[in-house]
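Take a look at the structure set out below.
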Amino acid sequence: MSDGTQRAQQASRGASAPPLKRWDMVTFRLGGELLAIETNVLRTVIEPGEVTRVPNAPPFAAGLLNVRGAVVPLTDLRIPLRMPQNDVNEDTRILVLDLPLADTPSVVGVLAEQVHEVTKVTSASLEDVPAVGASWPRHYVRAVGRQGERFFIIPDLGAIFAGYLAEIDHPVHQSC
Amino acid sequence: MSEETDPLFLIEAQHLTESLEATLLDLKANPTDKSLIDSAFRDLHTLKGSGAMFGQIAMSQFLHDFETAFEAVREGTLKVTPQLIEIALSARDHVVDLLAGGSTEPGALLLGRLAALVSGDREAEAQDPGWIMSFRLAPDTLTLGGRPEAILAEFRAMGASNIAPILDDLPPLEKMAPAELHIGWRMDLPGEITEDDIRDVFLFNEEGLDLNLKPAGAAGAEEDADISRGDVSSAMAAPPAEATRTSPPTSERSMMRVPAERLDEMMDRVGELVIAEARLAELAARSRDPQLVAVAEDIERLASGMRETTMSIRMTPIETITGRFRRLVHDLTGTLGKPITLEIEGQDTELDKTVIEKLSDPLMHLIRNAADHGLETAEQRRAMGKPEHGTIRLSARYSGAEVIISLSDDGRGLELEKIRARAEDRGLIGPDTNLDDDDVRALILQPGFSTADAVTELSGRGVGMDVVKRTIEQLRGRIDVDSEPGHGTRIDMRLPLTLAIIDGLLVEIADERYAIPLAAVEHIIELPDDEVGDARTTRFLNIRDQLVPYLRMRDLLASKGVPGPHQKVVVVTAAGLRVGLTVDRIIGSSQTVIKQLSPLHAALKMFSGATVLGNGSVALILDIPQLVSFGQTLDSREAA
């Protein structure tokens, strides 16, 4: 297993992981909020290009894209984080991430309305998820960070994807 | 290679065989060098010793005999000749082959040849003196694109020597047409080549071929052809003596062991090549530049050849895993106290190596199940008037682009009542669930089902038929259970030949593209106008006097918009059943590199994978067996 996926697993272990001192994170805008994902799971950032609709797929993973010859599912974190959806525009990008899915190293695309920057985040700037006042499900967020005046959300990708996989594993109704 | 073979020994053996080969080749150049002879002897001896230590009985036996014969060389009673080196090299190849699990058969032949050399008795060598062959091709061969030099090269690779042109039929210079072929050739061929091998070389030149083939021993064989060994002969023919040695005859084909990952990597590259080729073809077609189109066509031909070759490298006969089944049945006969015969049919049926490897465990499980649950005890069988020996049959055969692997036994069969009761017990079905016999039989494939009254040591350890089913489905196959009470059970597994690349039919449905495996397509018809407006999901079409249900793909795929007037119906088959799929447009066929869907989309049974199209976009591949069975359920629902 590559370093990248090991780190990805560490990252996906969620809030229980020991806080790192300094992280390189990429920040991006989504559903009116600022999100941050560690750069060590980030493979590349691409422009949306042509996305193939996957019929009957849940909106969280409704599309497929071609990333250098590989077929990669496109996911929308706004669905599990219950964020409002804006249309695709010229700022829209896709973060291509290395993530373990069902214990297999996988590549997934994550929609971003606008990619901001790569920044260093120290554990001192992180805060626990507030108990009240947030619209997104707490168990899908690892921490909230602050940089100057700005707040950003660090989504718990491990929990989000595991939650989704558990859901489709027990489908309510499978027509075909 | 057997799994038990110690890796350390293998590394040592590889080292020794390599060293032996180098020494033998050096020895060929310096036949009198005593130190080289000693070194070769030492390698043989070490190899023999460690072979015996690591249980390589066949190999060390062969080496022992070979060493004994080679002793004569060390003692100086036998001279090092090219012939001896040749045999020794073959022996070394044979050892490598044995290490790789090859047959022991060629060993005896090699020892025989060596013994013949040692005893100075050349009869064994002379037994097969080879062929003298002469041939002429049709005069228009060159105009038709034939290449005599390629034929000569092929014979050279088979070990031909003394190749020379026959120039007795040249027309006078003033009548000579440069494109006409008037030269014949003669050559000596080694004896192990069969006449069929020789005729195979002329496969594309049979028209007008004048072939003259004689065993070399026959008297006067040389005199019938006027052989000229002028300047032309040195240009066309290889130096006679060297030719045989540098290119060994194909009958002693050299084998190469390659790590499986490299093959996988190669397949990935070929997959990318096929995608890139499709893009090139599309660009070329758009450019309308005839030169570019020609190059694109060349690349397409090459890519398709690459694909075929790479896939053929990956194809492995079922034989490679049946050994462990024989062993299992042998062991089971003892543990269960039931006499069992395992019959295996179609061992040479080939499947992609990934499929073969993944099949081993499920088949082991099925065999264990059949022996444990399926077959009765010898007493019970006798009481029923059956032969005491229970039979388990494993058969493999091709069926279109699929391989069907069946495992059957002649045991008691499935007891449907018992299965039903057990399933209710386990909460798999309710007491009122309405199931037909097929549905009941399929219950044994459900997770958490086990029919054994008592959990035995052999089966019923939690890994059950559901694991078998899941494995087969992961391989894009399907599994069916058939059974007749008192007569046995048969489990059919249908598997695709390959997991990597298929020929696909590209179709358009509501401006979206989908691929259908071409092997599943039976024919394509126009949807009759009176069917177009019908809103129901499924209807029947009368195709050649048969009612075939068809699926409106726009509905199934939740497509936007309304269908146009000229809908097509692609009739596909799976497991002997047919269903039609309505599509807007047929785009064409193309090589389709199958990419597995990520776990995020694994629950969508309608698709078996995805592929990247020539324009770089992604298209989903329709899972035909799923759609067909879906069509059939609608069919029976409507009929009800």
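The way I read the labels, and the way they are meant: chains A, B, ... in the order of the structure tokens, residue 1 as the first residue of every chain, and ligand 1 as the first ligand shown, with later ones counted on from there.
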
When the cut-off is 8 Å and we count only C-alpha atoms, which residues of chain A are near chain B, given as a short mmCIF file (atom, residue, chain, number, x, y, z; two decimals) with N, CA, C and O atoms, in the first residue's frame?
```cif
data_model
loop_
_atom_site.label_atom_id
_atom_site.label_comp_id
_atom_site.auth_asym_id
_atom_site.auth_seq_id
_atom_site.Cartn_x
_atom_site.Cartn_y
_atom_site.Cartn_z
N GLU A 50 -16.55 16.67 -19.33
CA GLU A 50 -17.82 15.99 -19.55
C GLU A 50 -18.07 14.97 -18.44
O GLU A 50 -17.25 14.11 -18.18
N VAL A 51 -19.19 15.14 -17.78
CA VAL A 51 -19.56 14.21 -16.71
C VAL A 51 -20.67 13.31 -17.23
O VAL A 51 -21.66 13.78 -17.80
N THR A 52 -20.49 12.01 -17.07
CA THR A 52 -21.51 11.06 -17.52
C THR A 52 -22.49 10.79 -16.38
O THR A 52 -22.08 10.43 -15.27
N VAL A 54 -24.98 8.83 -14.16
CA VAL A 54 -25.20 7.42 -13.83
C VAL A 54 -26.67 7.26 -13.47
O VAL A 54 -27.10 7.70 -12.41
N PRO A 55 -27.44 6.66 -14.37
CA PRO A 55 -28.88 6.55 -14.11
C PRO A 55 -29.15 5.81 -12.80
O PRO A 55 -28.46 4.86 -12.47
N ASN A 56 -30.13 6.27 -12.09
CA ASN A 56 -30.61 5.64 -10.85
C ASN A 56 -29.59 5.67 -9.72
O ASN A 56 -29.77 4.98 -8.71
N ALA A 57 -28.52 6.42 -9.88
CA ALA A 57 -27.56 6.52 -8.79
C ALA A 57 -28.03 7.62 -7.84
O ALA A 57 -28.63 8.60 -8.27
N ALA A 61 -23.45 10.44 -5.60
CA ALA A 61 -22.47 9.94 -6.57
C ALA A 61 -23.17 9.76 -7.90
O ALA A 61 -23.33 8.66 -8.39
N LEU A 64 -19.89 10.11 -13.53
CA LEU A 64 -18.59 9.47 -13.76
C LEU A 64 -17.76 10.41 -14.62
O LEU A 64 -18.30 11.08 -15.50
N LEU A 65 -16.47 10.45 -14.38
CA LEU A 65 -15.63 11.23 -15.28
C LEU A 65 -14.35 10.48 -15.62
O LEU A 65 -13.98 9.53 -14.94
N ASN A 66 -13.75 10.96 -16.70
CA ASN A 66 -12.52 10.37 -17.20
C ASN A 66 -11.35 11.17 -16.65
O ASN A 66 -11.17 12.32 -17.01
N GLY A 69 -7.78 8.58 -18.45
CA GLY A 69 -8.04 7.19 -18.87
C GLY A 69 -8.70 6.34 -17.81
O GLY A 69 -9.14 5.25 -18.10
N ALA A 70 -8.77 6.82 -16.57
CA ALA A 70 -9.43 6.05 -15.53
C ALA A 70 -10.86 6.59 -15.36
O ALA A 70 -11.11 7.78 -15.55
N VAL A 71 -11.78 5.69 -15.03
CA VAL A 71 -13.17 6.10 -14.79
C VAL A 71 -13.32 6.37 -13.29
O VAL A 71 -13.08 5.49 -12.47
N VAL A 72 -13.67 7.59 -12.98
CA VAL A 72 -13.69 8.03 -11.58
C VAL A 72 -15.10 8.53 -11.22
O VAL A 72 -15.68 9.29 -11.98
N PRO A 73 -15.64 8.09 -10.09
CA PRO A 73 -16.97 8.59 -9.70
C PRO A 73 -16.86 10.03 -9.20
O PRO A 73 -15.88 10.39 -8.54
N LEU A 101 -12.06 2.96 -0.33
CA LEU A 101 -13.50 2.71 -0.31
C LEU A 101 -13.69 1.23 -0.08
O LEU A 101 -13.16 0.41 -0.83
N ALA A 102 -14.44 0.87 0.94
CA ALA A 102 -14.66 -0.54 1.27
C ALA A 102 -13.33 -1.28 1.28
O ALA A 102 -13.17 -2.33 0.68
N SER A 106 -9.03 3.66 -3.70
CA SER A 106 -9.84 4.10 -4.83
C SER A 106 -9.54 5.55 -5.13
O SER A 106 -8.91 6.25 -4.35
N TYR A 164 -22.23 6.42 3.27
CA TYR A 164 -22.91 6.22 2.00
C TYR A 164 -22.89 4.75 1.58
O TYR A 164 -23.90 4.20 1.15
N LEU A 165 -21.72 4.12 1.76
CA LEU A 165 -21.60 2.71 1.34
C LEU A 165 -22.51 1.83 2.18
O LEU A 165 -23.12 0.88 1.68
N ILE A 168 -26.06 2.19 0.71
CA ILE A 168 -26.38 1.49 -0.55
C ILE A 168 -26.25 -0.02 -0.39
O ILE A 168 -26.72 -0.78 -1.22
N ASP A 169 -25.59 -0.46 0.68
CA ASP A 169 -25.48 -1.88 0.92
C ASP A 169 -26.82 -2.48 1.33
O ASP A 169 -27.05 -3.67 1.16
N CYS A 176 -33.78 -3.05 -10.52
CA CYS A 176 -33.15 -3.89 -11.53
C CYS A 176 -31.70 -4.03 -11.24
O CYS A 176 -31.02 -3.10 -10.98
#
```

Worksheet item: Neighbours of Met25 in chain A within 10 Å (only C-alpha atoms; same-chain residues fewer than 4 positions away dropped), as a ChimeraX atom specification?
Response: /A:35-42,117-121,154

Response to the item:
If you count only C-alpha atoms, the residue of A:Leu77, A:Leu126, A:Val67, A:Ala143 closest to Val107 in chain A turns out to be A:Val67

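Residues in contact with Arg368 in chain B at 9 Å, where only C-alpha atoms are counted and same-chain residues fewer than 3 positions away are skipped, are listed as Leu328, Val329, Leu332, Leu363, Met364, His365, Ala371, Asp372, His373, Leu458 and Ser459 of chain B.
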
Practice prompt. Just the residues within 6 Å of Asp156 in chain A, please, counting only C-alpha atoms, with nothing from its chain fewer than 2 positions along; format it as an MDAnalysis selection string.
Written response: chainID A and resid 14 140:142 158:159

Residue selection dump (N, CA and C atoms) as a JSON list (two decimals), in the first residue's frame:
```
[["chain", "number", "residue", "atom", "x", "y", "z"],
["A", 14, "GLY", "N", -10.85, 9.99, 11.27],
["A", 14, "GLY", "CA", -11.75, 10.95, 11.88],
["A", 14, "GLY", "C", -11.18, 11.56, 13.14],
["A", 140, "TYR", "N", -20.25, 14.10, 10.36],
["A", 140, "TYR", "CA", -19.56, 14.15, 9.08],
["A", 140, "TYR", "C", -18.48, 15.23, 9.05],
["A", 141, "VAL", "N", -18.26, 15.88, 10.17],
["A", 141, "VAL", "CA", -17.27, 16.95, 10.22],
["A", 141, "VAL", "C", -16.24, 16.61, 11.29],
["A", 142, "ARG", "N", -14.95, 16.66, 10.92],
["A", 142, "ARG", "CA", -13.91, 16.32, 11.89],
["A", 142, "ARG", "C", -13.60, 17.49, 12.81],
["A", 158, "GLY", "N", -13.85, 9.92, 5.55],
["A", 158, "GLY", "CA", -14.00, 8.50, 5.90],
["A", 158, "GLY", "C", -15.42, 8.21, 6.33],
["A", 159, "ALA", "N", -15.94, 9.04, 7.24],
["A", 159, "ALA", "CA", -17.30, 8.81, 7.76],
["A", 159, "ALA", "C", -18.34, 9.02, 6.68]]
```

Item to complete: Using only C-alpha atoms, determine which residues lie at most 12 Å from Ala22 in chain B, disregarding the query and same-chain residues fewer than 3 positions distant; provide the list as a count of residues only.
Response: 19

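Nearest to Pro84 in chain A of all the residues A:Glu47, A:Glu149, A:Asp103, A:Glu33 is A:Glu33, based on only C-alpha atoms.
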
Worksheet item: What lies within 7 Å of Leu167 in chain B using only C-alpha atoms, ignoring chain neighbours under 2 positions off, as a list in words?
Response: Pro165, Asp169, Leu170, Ile183, Gly184 and Ser228 of chain B

Discussion item. When DSSP is applied to the backbone of this structure, which of range 145-356 of chain B are assigned helix (DSSP H, G or I)? Write them out as a PyMOL selection string.
Written reply: chain B and resi 148-157+173-175+195-201+221-224+231-236+240-246+250-252+260-287+290-314+319-336+353-356

Worksheet item: If you run DSSP on this backbone, which residues of range 26-107 of chain A come out as strand (DSSP E or B), and could you give them as a VMD selection string?
Response: chain A and resid 26 to 30 33 to 38 42 to 46 52 to 53 63 to 67 70 to 75 93 to 101 104 to 107

Discussion item. Excluding Thr44 in chain A and its own-chain neighbours fewer than 4 positions away, which residues fall within 8 Å of it when counting only C-alpha atoms? Please give them as a PyMOL selection string.
Written reply: chain A and resi 95-97

Discussion item. Using only C-alpha atoms for the distances, tell me which of B:Gln291, B:Leu435, B:Gly427, B:Met59 is nearest to Glu105 in chain B.
Written reply: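 Looking at the shortest contact to Glu105 in chain B, the residue is B:Met59.
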